[in-house]
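J.: I am sharing final-v3.txt, which consists of compact mmCIF, C-alpha atoms and all ligand atoms:
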```txt
# COMPACT_ATOMS: atom_id res chain seq x y z
CA MET A 1 -18.80 190.58 100.45
CA LEU A 2 -15.78 190.45 102.72
CA ILE A 3 -14.76 193.94 103.76
CA VAL A 4 -11.66 195.05 105.69
CA LYS A 5 -12.18 198.37 107.46
CA LYS A 6 -9.31 200.13 109.18
CA PHE A 7 -9.82 202.97 111.65
CA GLY A 8 -6.96 205.19 112.81
CA GLY A 9 -6.23 206.46 116.29
CA SER A 10 -8.33 209.60 116.22
CA SER A 11 -11.31 207.59 114.95
CA VAL A 12 -11.34 205.54 118.18
CA ALA A 13 -10.01 208.23 120.53
CA ASN A 14 -12.88 208.10 123.05
CA LYS A 15 -16.09 206.31 123.99
CA GLU A 16 -18.26 208.26 121.57
CA ARG A 17 -15.88 207.61 118.66
CA ILE A 18 -15.64 203.91 119.55
CA PHE A 19 -19.43 203.60 119.36
CA ASN A 20 -19.44 205.57 116.12
CA VAL A 21 -17.04 203.03 114.60
CA ALA A 22 -18.95 200.11 116.12
CA ASN A 23 -22.17 201.36 114.53
CA ARG A 24 -20.60 201.87 111.11
CA CYS A 25 -19.22 198.34 111.16
CA ILE A 26 -22.50 196.87 112.37
CA GLU A 27 -24.33 198.63 109.56
CA GLU A 28 -22.12 196.78 107.08
CA TYR A 29 -22.53 193.50 108.95
CA ARG A 30 -26.32 193.80 108.94
CA LYS A 31 -26.25 194.04 105.15
CA GLY A 32 -24.97 190.46 105.22
CA ASN A 33 -21.30 191.25 104.73
CA LYS A 34 -18.35 189.66 106.49
CA VAL A 35 -16.53 192.42 108.33
CA VAL A 36 -12.91 192.48 109.49
CA VAL A 37 -11.98 195.61 111.46
CA VAL A 38 -8.38 196.74 111.97
CA LEU A 39 -7.76 199.33 114.67
CA SER A 40 -4.93 201.62 115.75
CA ALA A 41 -4.25 202.66 119.31
CA MET A 42 -6.65 205.26 120.74
CA GLY A 43 -5.74 208.92 120.16
CA ASP A 44 -2.22 209.75 121.29
CA THR A 45 -1.69 206.47 123.15
CA THR A 46 1.36 205.42 121.12
CA ASP A 47 3.06 208.82 121.58
CA ASP A 48 2.28 208.73 125.29
CA MET A 49 3.79 205.28 125.65
CA ILE A 50 6.93 206.35 123.80
CA ALA A 51 7.25 209.28 126.20
CA MET A 52 6.84 206.92 129.18
CA ALA A 53 9.55 204.66 127.81
CA ASN A 54 11.92 207.57 127.16
CA ASP A 55 11.45 208.67 130.72
CA ILE A 56 12.55 205.25 132.01
CA ASN A 57 15.28 204.65 129.43
CA PRO A 58 15.96 206.91 126.44
CA ASP A 59 17.90 204.08 124.86
CA ALA A 60 15.35 201.33 125.51
CA PRO A 61 15.84 197.94 123.82
CA LYS A 62 13.73 197.85 120.66
CA ARG A 63 12.24 194.50 121.61
CA GLU A 64 10.81 196.01 124.77
CA MET A 65 9.54 199.07 122.89
CA ASP A 66 7.53 196.78 120.64
CA MET A 67 6.23 194.83 123.62
CA LEU A 68 5.02 198.12 125.08
CA LEU A 69 3.64 199.81 121.97
CA ALA A 70 1.62 196.76 120.93
CA CYS A 71 -0.48 197.29 124.06
CA GLY A 72 -2.15 200.33 122.50
CA GLU A 73 -3.80 198.38 119.73
CA GLN A 74 -4.82 195.64 122.14
CA THR A 75 -6.71 198.18 124.21
CA SER A 76 -8.70 199.48 121.28
CA VAL A 77 -9.67 196.09 119.81
CA SER A 78 -10.90 194.72 123.11
CA LEU A 79 -12.91 197.86 123.88
CA MET A 80 -14.39 197.73 120.37
CA ALA A 81 -15.49 194.11 120.86
CA MET A 82 -17.10 195.13 124.15
CA ALA A 83 -18.89 198.02 122.46
CA MET A 84 -20.25 195.75 119.74
CA ALA A 85 -21.33 193.15 122.31
CA SER A 86 -23.22 195.85 124.18
CA LEU A 87 -25.04 196.60 120.91
CA GLY A 88 -26.02 192.94 120.65
CA VAL A 89 -23.65 191.97 117.85
CA PRO A 90 -21.27 189.00 118.14
CA ALA A 91 -17.70 190.26 117.80
CA ILE A 92 -14.27 188.99 118.75
CA SER A 93 -10.95 190.79 119.09
CA LEU A 94 -7.69 189.11 118.04
CA ASN A 95 -4.09 190.19 118.37
CA ALA A 96 -1.20 189.38 116.02
CA PHE A 97 -0.37 186.23 117.96
CA GLN A 98 -3.90 184.88 117.89
CA VAL A 99 -4.25 185.46 114.16
CA SER A 100 -0.66 184.44 113.48
CA MET A 101 0.64 187.42 111.54
CA HIS A 102 4.27 186.59 110.89
CA THR A 103 6.84 189.29 110.27
CA THR A 104 10.58 189.65 109.84
CA SER A 105 12.52 189.88 113.09
CA LYS A 106 13.38 193.56 112.94
CA TYR A 107 11.86 195.19 116.01
CA SER A 108 10.17 198.57 115.46
CA ASN A 109 10.31 198.19 111.70
CA ALA A 110 9.16 194.67 110.86
CA ARG A 111 7.60 193.56 107.58
CA PHE A 112 4.89 190.99 107.04
CA LYS A 113 5.99 187.63 105.71
CA ARG A 114 2.91 185.47 106.06
CA ILE A 115 -0.55 185.77 107.57
CA ASP A 116 -2.61 182.75 108.59
CA THR A 117 -6.24 183.22 107.67
CA GLU A 118 -7.68 180.15 109.37
CA ARG A 119 -8.70 181.71 112.66
CA ILE A 120 -10.21 184.83 111.10
CA SER A 121 -12.10 182.80 108.49
CA HIS A 122 -13.44 180.50 111.18
CA GLU A 123 -14.67 183.43 113.27
CA LEU A 124 -16.26 185.06 110.23
CA GLU A 125 -18.01 181.79 109.36
CA SER A 126 -19.37 181.71 112.90
CA GLY A 127 -21.09 185.01 112.18
CA ARG A 128 -18.79 187.29 114.14
CA ILE A 129 -17.28 190.64 113.33
CA VAL A 130 -13.52 190.14 113.70
CA ILE A 131 -11.49 193.00 115.17
CA VAL A 132 -7.74 192.76 114.66
CA THR A 133 -4.89 194.77 116.19
CA GLY A 134 -3.10 196.95 113.65
CA PHE A 135 0.62 197.75 113.72
CA GLN A 136 1.84 194.50 115.32
CA GLY A 137 3.15 191.11 114.28
CA ILE A 138 5.14 188.19 115.63
CA ASN A 139 8.60 187.10 114.55
CA LYS A 140 10.36 183.77 114.44
CA TYR A 141 11.25 184.01 118.12
CA ASP A 142 7.54 184.37 118.95
CA ASP A 143 8.26 187.94 120.00
CA ILE A 144 5.95 190.85 119.28
CA THR A 145 7.15 193.21 116.56
CA THR A 146 5.75 196.48 115.25
CA LEU A 147 5.63 197.71 111.68
CA GLY A 148 6.83 201.30 112.10
CA ARG A 149 4.77 204.39 112.91
CA GLY A 150 1.51 204.46 111.03
CA GLY A 151 1.77 200.73 110.34
CA SER A 152 -1.88 199.82 110.98
CA ASP A 153 -2.68 200.75 107.38
CA THR A 154 -0.28 198.01 106.34
CA THR A 155 -2.00 195.47 108.59
CA ALA A 156 -5.29 196.27 106.88
CA VAL A 157 -3.89 195.88 103.37
CA ALA A 158 -2.00 192.70 104.26
CA LEU A 159 -5.17 191.19 105.73
CA ALA A 160 -7.24 192.26 102.73
CA ALA A 161 -4.73 190.54 100.44
CA ALA A 162 -4.49 187.38 102.55
CA LEU A 163 -8.28 187.08 102.91
CA ARG A 164 -8.89 188.09 99.28
CA ALA A 165 -11.27 190.73 100.57
CA ASP A 166 -13.67 192.47 98.20
CA ALA A 167 -12.87 195.88 99.65
CA CYS A 168 -10.28 197.56 101.85
CA GLU A 169 -11.35 200.84 103.40
CA ILE A 170 -9.05 203.13 105.38
CA TYR A 171 -11.02 205.45 107.66
CA THR A 172 -9.25 208.47 109.06
CA ASP A 173 -9.74 212.03 110.32
CA VAL A 174 -9.74 213.67 106.88
CA GLU A 175 -12.03 212.92 103.93
CA GLY A 176 -9.40 211.33 101.73
CA VAL A 177 -6.05 212.00 100.11
CA TYR A 178 -5.61 215.70 99.36
CA THR A 179 -3.27 217.63 97.09
CA ALA A 180 -1.39 218.61 100.29
CA ASP A 181 -1.87 218.10 104.02
CA PRO A 182 -5.21 219.88 104.51
CA ARG A 183 -4.09 220.94 107.99
CA VAL A 184 -1.21 222.94 106.50
CA VAL A 185 -2.78 224.02 103.22
CA PRO A 186 -6.45 224.83 103.90
CA ASN A 187 -7.33 225.11 100.19
CA ALA A 188 -5.89 221.67 99.37
CA LYS A 189 -8.27 219.66 97.21
CA LYS A 190 -9.50 216.12 97.72
CA ILE A 191 -8.19 213.76 95.04
CA LYS A 192 -10.85 211.46 93.58
CA GLU A 193 -8.53 208.77 92.27
CA ILE A 194 -4.78 208.30 92.50
CA THR A 195 -2.44 205.60 91.17
CA TYR A 196 -0.45 203.32 93.46
CA ASP A 197 2.78 204.81 92.13
CA GLU A 198 1.84 208.40 92.87
CA MET A 199 0.41 207.49 96.27
CA LEU A 200 3.54 205.53 97.10
CA GLU A 201 5.72 208.54 96.32
CA LEU A 202 3.49 210.86 98.35
CA ALA A 203 3.45 208.47 101.32
CA THR A 204 7.20 207.87 101.17
CA LEU A 205 7.89 211.59 100.91
CA GLY A 206 5.90 212.42 104.01
CA ALA A 207 2.12 212.39 103.38
CA LYS A 208 1.32 210.26 106.39
CA VAL A 209 -2.31 209.70 105.44
CA LEU A 210 -1.19 206.20 104.34
CA HIS A 211 1.77 204.15 105.57
CA ASN A 212 4.04 203.80 102.53
CA ARG A 213 4.42 200.05 102.99
CA SER A 214 0.62 199.68 102.81
CA VAL A 215 0.64 201.24 99.35
CA GLU A 216 3.51 199.00 98.28
CA LEU A 217 1.55 195.92 99.38
CA ALA A 218 -1.67 197.19 97.81
CA LYS A 219 0.13 197.57 94.48
CA LYS A 220 1.81 194.19 94.74
CA TYR A 221 -1.42 192.30 95.49
CA GLY A 222 -3.80 194.52 93.52
CA VAL A 223 -5.77 195.60 96.58
CA GLN A 224 -7.85 198.64 95.68
CA LEU A 225 -7.97 201.08 98.60
CA VAL A 226 -10.48 203.67 99.60
CA VAL A 227 -9.39 206.41 102.00
CA ARG A 228 -12.29 208.23 103.66
CA SER A 229 -13.53 209.89 106.81
CA SER A 230 -14.74 207.95 109.84
CA LEU A 231 -16.85 210.94 110.86
CA ASN A 232 -18.98 211.49 107.78
CA LYS A 233 -20.05 209.64 104.67
CA ALA A 234 -18.34 211.84 102.09
CA GLU A 235 -16.86 210.01 99.15
CA GLY A 236 -13.17 209.39 99.71
CA THR A 237 -10.14 208.77 97.51
CA VAL A 238 -9.64 205.57 95.53
CA VAL A 239 -6.06 204.30 95.24
CA LYS A 240 -5.62 201.92 92.30
CA GLU A 241 -3.40 200.86 89.40
CA VAL A 242 -4.79 203.07 86.64
CA THR A 243 -7.01 206.07 87.14
CA LYS A 244 -9.78 207.15 84.83
CA VAL A 245 -8.90 210.78 84.90
CA GLU A 246 -5.82 211.84 82.99
CA SER A 247 -2.88 212.34 85.31
CA MET A 248 -2.48 215.84 86.64
CA LEU A 249 0.85 217.53 86.10
CA VAL A 250 1.31 217.53 89.85
CA SER A 251 -1.02 215.39 91.92
CA GLY A 252 0.23 216.43 95.31
CA VAL A 253 2.72 218.16 97.57
CA ALA A 254 4.31 216.25 100.44
CA VAL A 255 6.41 217.39 103.36
CA ASP A 256 8.82 215.40 105.49
CA LYS A 257 9.94 217.25 108.59
CA ASN A 258 11.70 214.16 109.83
CA ALA A 259 14.78 214.73 107.67
CA ALA A 260 18.37 215.44 108.70
CA ARG A 261 21.23 216.66 106.53
CA ILE A 262 24.71 215.27 106.86
CA ALA A 263 27.59 217.04 105.13
CA LEU A 264 30.98 215.41 104.66
CA ILE A 265 33.68 217.94 103.93
CA GLY A 266 37.07 217.61 102.23
CA LEU A 267 37.01 214.06 100.92
CA ARG A 268 39.75 212.98 98.54
CA ASN A 269 38.58 213.54 94.96
CA GLU A 270 39.19 210.06 93.56
CA PRO A 271 37.18 207.07 92.29
CA GLY A 272 35.55 204.85 94.90
CA ILE A 273 35.12 207.39 97.70
CA ALA A 274 31.37 207.85 97.21
CA PHE A 275 30.97 204.10 96.95
CA LYS A 276 32.78 203.55 100.24
CA VAL A 277 30.77 206.23 102.05
CA PHE A 278 27.39 204.94 100.98
CA ASP A 279 28.43 201.32 101.39
CA VAL A 280 29.21 201.95 105.05
CA LEU A 281 25.73 203.47 105.47
CA ALA A 282 23.99 200.75 103.48
CA LYS A 283 25.55 198.05 105.65
CA LYS A 284 23.83 199.69 108.63
CA ASN A 285 20.53 199.80 106.74
CA ILE A 286 20.55 203.59 106.76
CA ASN A 287 18.35 205.01 104.02
CA VAL A 288 19.87 207.90 102.14
CA ASP A 289 17.71 210.18 100.04
CA VAL A 290 18.81 213.47 98.50
CA ILE A 291 22.51 213.43 97.61
CA LEU A 292 24.68 216.33 96.52
CA GLN A 293 28.34 216.19 95.58
CA SER A 294 30.34 219.32 95.01
CA ILE A 295 33.93 220.22 94.37
CA GLY A 296 35.76 221.62 97.37
CA ARG A 297 39.17 223.24 97.60
CA ASP A 298 42.54 221.61 96.80
CA ASP A 299 41.21 218.73 94.77
CA THR A 300 38.83 217.63 97.47
CA LYS A 301 35.10 217.10 97.26
CA ASP A 302 32.18 217.51 99.64
CA ILE A 303 29.25 215.12 99.80
CA SER A 304 26.00 215.96 101.56
CA PHE A 305 22.91 213.83 101.82
CA THR A 306 19.73 213.44 103.83
CA VAL A 307 18.64 210.62 106.12
CA ASP A 308 15.66 210.16 108.43
CA GLU A 309 16.18 212.12 111.62
CA ASP A 310 15.97 208.99 113.74
CA GLN A 311 18.86 207.42 111.81
CA ALA A 312 21.07 210.52 111.82
CA LYS A 313 22.91 209.71 115.05
CA GLU A 314 23.75 206.22 113.87
CA ALA A 315 24.86 207.54 110.47
CA VAL A 316 27.22 210.07 112.03
CA SER A 317 28.66 207.54 114.42
CA VAL A 318 29.41 204.94 111.74
CA LEU A 319 30.97 207.64 109.54
CA LYS A 320 33.13 208.79 112.44
CA GLU A 321 34.30 205.23 113.02
CA ASN A 322 35.44 205.15 109.40
CA GLN A 323 36.45 208.79 109.08
CA GLU A 324 40.09 208.19 108.25
CA ARG A 325 39.51 205.43 105.71
CA LEU A 326 36.84 207.55 104.00
CA THR A 327 39.20 210.56 103.96
CA ILE A 328 36.59 212.82 105.58
CA GLN A 329 38.01 216.02 107.08
CA LYS A 330 34.84 217.17 108.78
CA ILE A 331 31.30 215.88 109.43
CA ILE A 332 28.41 218.30 109.93
CA GLU A 333 24.94 217.18 110.99
CA GLU A 334 21.88 219.39 110.83
CA GLU A 335 18.32 218.58 111.87
CA ASN A 336 16.52 221.86 111.22
CA VAL A 337 15.69 220.94 107.65
CA ALA A 338 12.67 219.53 105.83
CA LYS A 339 12.02 217.90 102.49
CA LEU A 340 9.35 219.39 100.28
CA SER A 341 8.29 217.34 97.27
CA ILE A 342 5.92 217.54 94.37
CA VAL A 343 4.65 214.29 92.89
CA GLY A 344 2.85 213.66 89.62
CA ALA A 345 2.84 211.13 86.80
CA GLY A 346 2.27 213.99 84.35
CA MET A 347 5.72 215.42 85.09
CA GLN A 348 7.55 212.93 82.88
CA SER A 349 6.32 214.52 79.69
CA ASN A 350 6.31 218.14 80.76
CA ALA A 351 9.28 220.45 80.66
CA GLY A 352 9.51 223.35 83.06
CA VAL A 353 8.00 221.73 86.12
CA ALA A 354 11.16 222.17 88.18
CA ALA A 355 11.51 225.79 87.10
CA LYS A 356 7.93 226.46 88.14
CA MET A 357 8.52 224.90 91.56
CA PHE A 358 11.70 226.90 92.11
CA GLU A 359 9.92 230.07 91.03
CA ALA A 360 7.23 229.47 93.67
CA LEU A 361 9.96 229.21 96.30
CA TYR A 362 11.74 232.30 94.97
CA ASP A 363 8.45 234.24 95.15
CA VAL A 364 8.31 233.68 98.90
CA GLY A 365 12.04 234.06 99.46
CA VAL A 366 12.76 230.46 100.43
CA ASN A 367 16.28 229.20 99.82
CA ILE A 368 16.79 225.73 98.29
CA ARG A 369 19.55 223.73 99.96
CA MET A 370 19.50 220.55 97.87
CA ILE A 371 17.52 219.12 94.96
CA ALA A 372 16.62 215.59 93.88
CA THR A 373 14.43 214.45 91.03
CA SER A 374 12.97 211.25 89.61
CA GLU A 375 10.48 210.62 86.82
CA ILE A 376 7.52 211.49 88.96
CA ARG A 377 8.85 213.68 91.75
CA ILE A 378 10.97 216.71 92.55
CA THR A 379 12.26 217.13 96.10
CA VAL A 380 13.96 220.15 97.61
CA LEU A 381 15.61 220.43 100.98
CA ILE A 382 14.77 223.66 102.79
CA ASN A 383 15.05 225.09 106.29
CA LEU A 384 12.45 223.73 108.69
CA GLU A 385 11.19 227.21 109.59
CA ASP A 386 10.23 227.87 105.94
CA VAL A 387 8.25 224.74 105.45
CA ASP A 388 4.64 225.86 105.86
CA LEU A 389 5.10 229.01 103.78
CA ALA A 390 6.92 227.03 101.09
CA THR A 391 4.30 224.27 101.01
CA LYS A 392 1.47 226.76 100.47
CA ALA A 393 3.39 228.62 97.78
CA VAL A 394 4.32 225.49 95.82
CA HIS A 395 0.83 224.04 96.20
CA ASP A 396 -0.85 227.18 94.92
CA LYS A 397 1.50 227.41 91.96
CA PHE A 398 0.49 223.99 90.66
CA ILE A 399 -3.00 223.35 91.92
CA GLU A 400 -5.62 225.80 90.79
CA ASP A 401 -9.04 226.23 92.27
P1 LIG B 1 -4.83 207.77 111.29
O1 LIG B 1 -4.64 207.89 112.76
O2 LIG B 1 -6.27 207.68 110.89
O3 LIG B 1 -3.98 206.70 110.68
P2 LIG B 1 -2.92 209.78 110.43
O4 LIG B 1 -2.72 210.88 111.39
O5 LIG B 1 -1.91 208.69 110.39
O6 LIG B 1 -4.37 209.17 110.70
O7 LIG B 1 -3.09 210.33 108.95
C1 LIG B 1 -4.06 211.30 108.67
C2 LIG B 1 -3.42 212.69 108.65
O8 LIG B 1 -2.51 212.75 107.54
C3 LIG B 1 -4.36 213.81 108.41
O9 LIG B 1 -4.92 214.26 109.61
C4 LIG B 1 -3.50 214.87 107.71
O10 LIG B 1 -3.12 215.90 108.60
C5 LIG B 1 -2.26 214.11 107.30
N1 LIG B 1 -1.92 214.29 105.88
C6 LIG B 1 -0.68 214.58 105.41
N2 LIG B 1 -0.69 214.70 104.08
C7 LIG B 1 -1.96 214.46 103.67
C8 LIG B 1 -2.59 214.42 102.39
N3 LIG B 1 -1.93 214.66 101.25
N4 LIG B 1 -3.93 214.15 102.35
C9 LIG B 1 -4.62 213.91 103.48
N5 LIG B 1 -4.07 213.93 104.72
C10 LIG B 1 -2.75 214.20 104.82
N1 LIG B 2 -0.49 203.24 116.76
C1 LIG B 2 0.58 203.21 115.79
C2 LIG B 2 1.17 204.59 115.62
O1 LIG B 2 0.75 205.52 116.26
C3 LIG B 2 0.14 202.62 114.48
C4 LIG B 2 -0.85 203.43 113.68
O2 LIG B 2 -1.45 204.39 114.18
O3 LIG B 2 -1.05 203.09 112.52
O4 LIG B 2 2.10 204.75 114.88
MG MG B 3 -1.95 206.62 110.15
```
Show me the file's structure as structure tokens.
Ligand code: ADP
Ligand code: ASP
Ligand code: MG
T.:
Amino acid sequence: MLIVKKFGGSSVANKERIFNVANRCIEEYRKGNKVVVVLSAMGDTTDDMIAMANDINPDAPKREMDMLLACGEQTSVSLMAMAMASLGVPAISLNAFQVSMHTTSKYSNARFKRIDTERISHELESGRIVIVTGFQGINKYDDITTLGRGGSDTTAVALAAALRADACEIYTDVEGVYTADPRVVPNAKKIKEITYDEMLELATLGAKVLHNRSVELAKKYGVQLVVRSSLNKAEGTVVKEVTKVESMLVSGVAVDKNAARIALIGLRNEPGIAFKVFDVLAKKNINVDVILQSIGRDDTKDISFTVDEDQAKEAVSVLKENQERLTIQKIIEEENVAKLSIVGAGMQSNAGVAAKMFEALYDVGVNIRMIATSEIRITVLINLEDVDLATKAVHDKFIED
């Protein structure tokens, strides 16, 4: 069997954890399997490096940010290879350049285009455990790129697809995918199996247990994923196309605190205005999520929408540049908001799900600012300060013990 095993930052945070991972991988290797290990940067390394960069230059060039952040993963893979060598097992660490993991050019948010498997296959054939840096790639300029925060999951899935691995296991600091973040909702339940589509929604809407792009790739290439703990052997969560169990009404609750709300006031109420507003944003690659349009005074309209917090500044500045053409009287930006979502394939055929969610929020006195729905999710925008209370209330309404 060829197995890809990915370990997140907290799973390799110190010497003891590194040896724990080394031993788990060696166990697999000794069974006669080929083992490819993907690692993230140790502990809070990536956050610490971002803070260092901000201290030098808060507006640092993205190319240089990627150059810096890629160092974190290089530290962990080399230390892991040393740990395995000390345990008498042949292992080799490789970075994105050495493997040749090609991505698009977009620094800090690159996507895989092609992965060469030759070097890894050769090393595996020579009887080595191969340890690969997560999160990084190279672009057409031979520059280092990164895949966005949490991107090591995507490296693992992309490698599993390219190598046609028999298994892809994501090891983390919780025992699997839960019905809500178990750190916020202590009675959240571990999900045994979840579909790609539901997992993709949860990941996109804020459940950072898997990078959303990794789920997208897993679905595209049919890579079955297992999410489980690096610290114990409890059975984890399987992410796959179709689950055996009938879909729950709501499979999970996700929270995205990284949202900002932008309100445009007093636009002319005529055809084409919304198109022009969102076209300006789309041209800057700004992702818009929840949108609300309402009638204002004197035949005007207001449009509010959410974007990721880190794109809010750019969104406001491009709207200001075009303020006159877009007939906007006033632009308001607000960052103290969060998106709370419920996700579940069972929602499509069940009336009353939205009402039940809104009732849960009413019960705890939380005001809903905006609402968006799709076939398998309902998202509300609420004030940031309400988020933990609201998450628990909504979770408990839908997920029984
Ligand atoms: P890693 O460093 O292993 O990649 P992450 O911190 O990226 O780990 O992701 C794991 C964390 O995701 C957990 O510690 C947990 O707090 C958080 N999380 C958020 N939503 C969920 C969920 N629905 N199920 C499990 N974990 C979740
Ligand atoms: N080290 C990177 C991050 O912190 C990638 C990852 O952990 O997946 O975002
Ligand atoms: Mg992660």
J.: So, with only C-alpha atoms as the atoms that count, which of A:Leu264, A:Ile376, A:Ile273, A:Ala167 lies closest to A:Lys330?
T.: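 Selected residue with least distance to A:Lys330: A:Leu264.
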J.: Using all atoms listed in the file, which residue out of A:Phe278, A:Tyr196, A:Tyr362, A:Tyr171 lies closest to A:Val226?
T.: A:Tyr171
J.: To check your reading of the model: which residues sit at most 9 Å from ligand MG 3 (chain B) when counting only C-alpha atoms and all ligand atoms? Write the answer as a PyMOL selection string.
T.: chain A and resi 7-9+40+149-153+172+208-211
J.: Could you dump the residues just selected with C-alpha atoms as a short mmCIF file (atom, residue, chain, number, x, y, z; two decimals), in the coordinates of the input?
T.:
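Output saved as again_20.cif:
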```cif
data_model
loop_
_atom_site.label_atom_id
_atom_site.label_comp_id
_atom_site.auth_asym_id
_atom_site.auth_seq_id
_atom_site.Cartn_x
_atom_site.Cartn_y
_atom_site.Cartn_z
CA PHE A 7 -9.82 202.97 111.65
CA GLY A 8 -6.96 205.19 112.81
CA GLY A 9 -6.23 206.46 116.29
CA SER A 40 -4.93 201.62 115.75
CA ARG A 149 4.77 204.39 112.91
CA GLY A 150 1.51 204.46 111.03
CA GLY A 151 1.77 200.73 110.34
CA SER A 152 -1.88 199.82 110.98
CA ASP A 153 -2.68 200.75 107.38
CA THR A 172 -9.25 208.47 109.06
CA LYS A 208 1.32 210.26 106.39
CA VAL A 209 -2.31 209.70 105.44
CA LEU A 210 -1.19 206.20 104.34
CA HIS A 211 1.77 204.15 105.57
#
```
J.: Calculated over all atoms listed in the file, which of the candidates A:Val337, A:Val227, A:Leu319, A:Met101 has the smallest distance to A:Asp256?
T.: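 Closest to A:Asp256, using all atoms listed in the file: A:Val337.
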J.: Give the answer as one residue: which of A:Ser11, A:Val250, A:Tyr29, A:Asn212 has the shortest atom-to-atom distance to A:Ser349, using only C-alpha atoms?
T.: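 Nearest candidate to A:Ser349 out of A:Ser11, A:Val250, A:Tyr29, A:Asn212: A:Val250.
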J.: Neighbouring residues of A:Ala91 were defined as those with any atom within 7 Å, considering only C-alpha atoms; residues of the same chain fewer than 3 positions away were excluded. Please report them as a list of chain:residue names.
T.: A:Ala81, A:Met84, A:Ala85, A:Arg128, A:Ile129, A:Val130
J.: Which residues come within 12 Å of A:Gly352, counting all atoms listed in the file, excluding same-chain residues fewer than 5 positions away, as a VMD selection string?
T.: chain A and resid 249 346 to 347 357 to 359 378 398
J.: Which is closer to ligand LIG 2 (chain B) than all the others in A:Val288, A:Ile170, A:Ala188, A:Leu200, using all atoms listed in the file?
T.: A:Ile170
J.: Compare A:Arg228, A:Lys313, A:Lys240, A:Lys397 by their minimum atom-to-atom distance to ligand LIG 1 (chain B), counting all atoms listed in the file, and give me the closest one.
T.: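 Answer, going by the shortest atom-to-atom distance: A:Arg228.
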J.: Please enclose the listed atoms of ligand LIG 1 (chain B) in an axis-aligned box, pad each side by 3 Å, and write out the centre and the three edge lengths in Å, rounded to one decimal, as JSON.
T.:
```
{"center_x": -3.5, "center_y": 211.3, "center_z": 107.0, "size_x": 11.6, "size_y": 15.2, "size_z": 17.5}
```
J.: So what do you get for atom CA of A:Ala110 versus atom CA of A:Gly206, distance-wise?
T.: 19.3 Å
J.: Need to verify the contact set: A:Asp44, 9 Å, only C-alpha atoms, exclusion of same-chain residues closer than 2 positions in sequence. Can you return it as a list in words?
T.: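 Here the answer would be Gly9, Ser10, Ala13, Ala41, Met42, Thr46, Asp47, Asp48 and Met49 of chain A.
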J.: Would you list the contacts of A:Ser229 as an mmCIF file with C-alpha atoms, keeping the file's coordinate frame, taking every protein, DNA or RNA residue within 8 Å and counting all atoms listed in the file, but skipping same-chain residues closer than 4 positions in sequence?
T.:
```cif
data_model
loop_
_atom_site.group_PDB
_atom_site.id
_atom_site.type_symbol
_atom_site.label_atom_id
_atom_site.label_comp_id
_atom_site.auth_asym_id
_atom_site.auth_seq_id
_atom_site.Cartn_x
_atom_site.Cartn_y
_atom_site.Cartn_z
ATOM 1 C CA TYR A 171 -11.020 205.450 107.660
ATOM 2 C CA THR A 172 -9.250 208.470 109.060
ATOM 3 C CA ASP A 173 -9.740 212.030 110.320
ATOM 4 C CA VAL A 174 -9.740 213.670 106.880
ATOM 5 C CA GLU A 175 -12.030 212.920 103.930
ATOM 6 C CA GLY A 176 -9.400 211.330 101.730
ATOM 7 C CA LYS A 233 -20.050 209.640 104.670
ATOM 8 C CA ALA A 234 -18.340 211.840 102.090
ATOM 9 C CA GLY A 236 -13.170 209.390 99.710
#
```
J.: Quick one: distance from atom CA of A:His122 to atom CA of A:Val37 in Å, one decimal?
T.: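 Computing it gives 15.2 Å between the two atoms.
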J.: Taking (-21.2, 203.7, 122.4) in the file's coordinates as the center, which residues reach within 7 Å of it, counting all atoms listed in the file, put as a ChimeraX atom specification?
T.: /A:15-16,18-20,83
J.: Determine, counting all atoms listed in the file, which protein, DNA and RNA residues have an atom within 12 Å of an atom of A:Glu241; residues of the same chain fewer than 6 positions away are not included. Present the result as a ChimeraX atom specification.
T.: /A:193-200,215-216,218-225
J.: When you draw a straight line from atom CA of A:Arg183 to atom C5 of ligand LIG 1 (chain B), how long is it in Å?
T.: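 Atom CA of A:Arg183 sits 7.1 Å away from atom C5 of ligand LIG 1 (chain B).
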J.: Enumerate, as JSON, numbers by chain, the protein, DNA and RNA residues whose atoms approach (39.9, 212.2, 102.7) to within 12 Å, taking into account all atoms listed in the file and the coordinate frame of the file.
T.: {"A": [264, 265, 266, 267, 268, 269, 270, 271, 272, 273, 274, 276, 277, 296, 298, 299, 300, 301, 302, 303, 322, 323, 324, 325, 326, 327, 328, 329, 330, 331]}
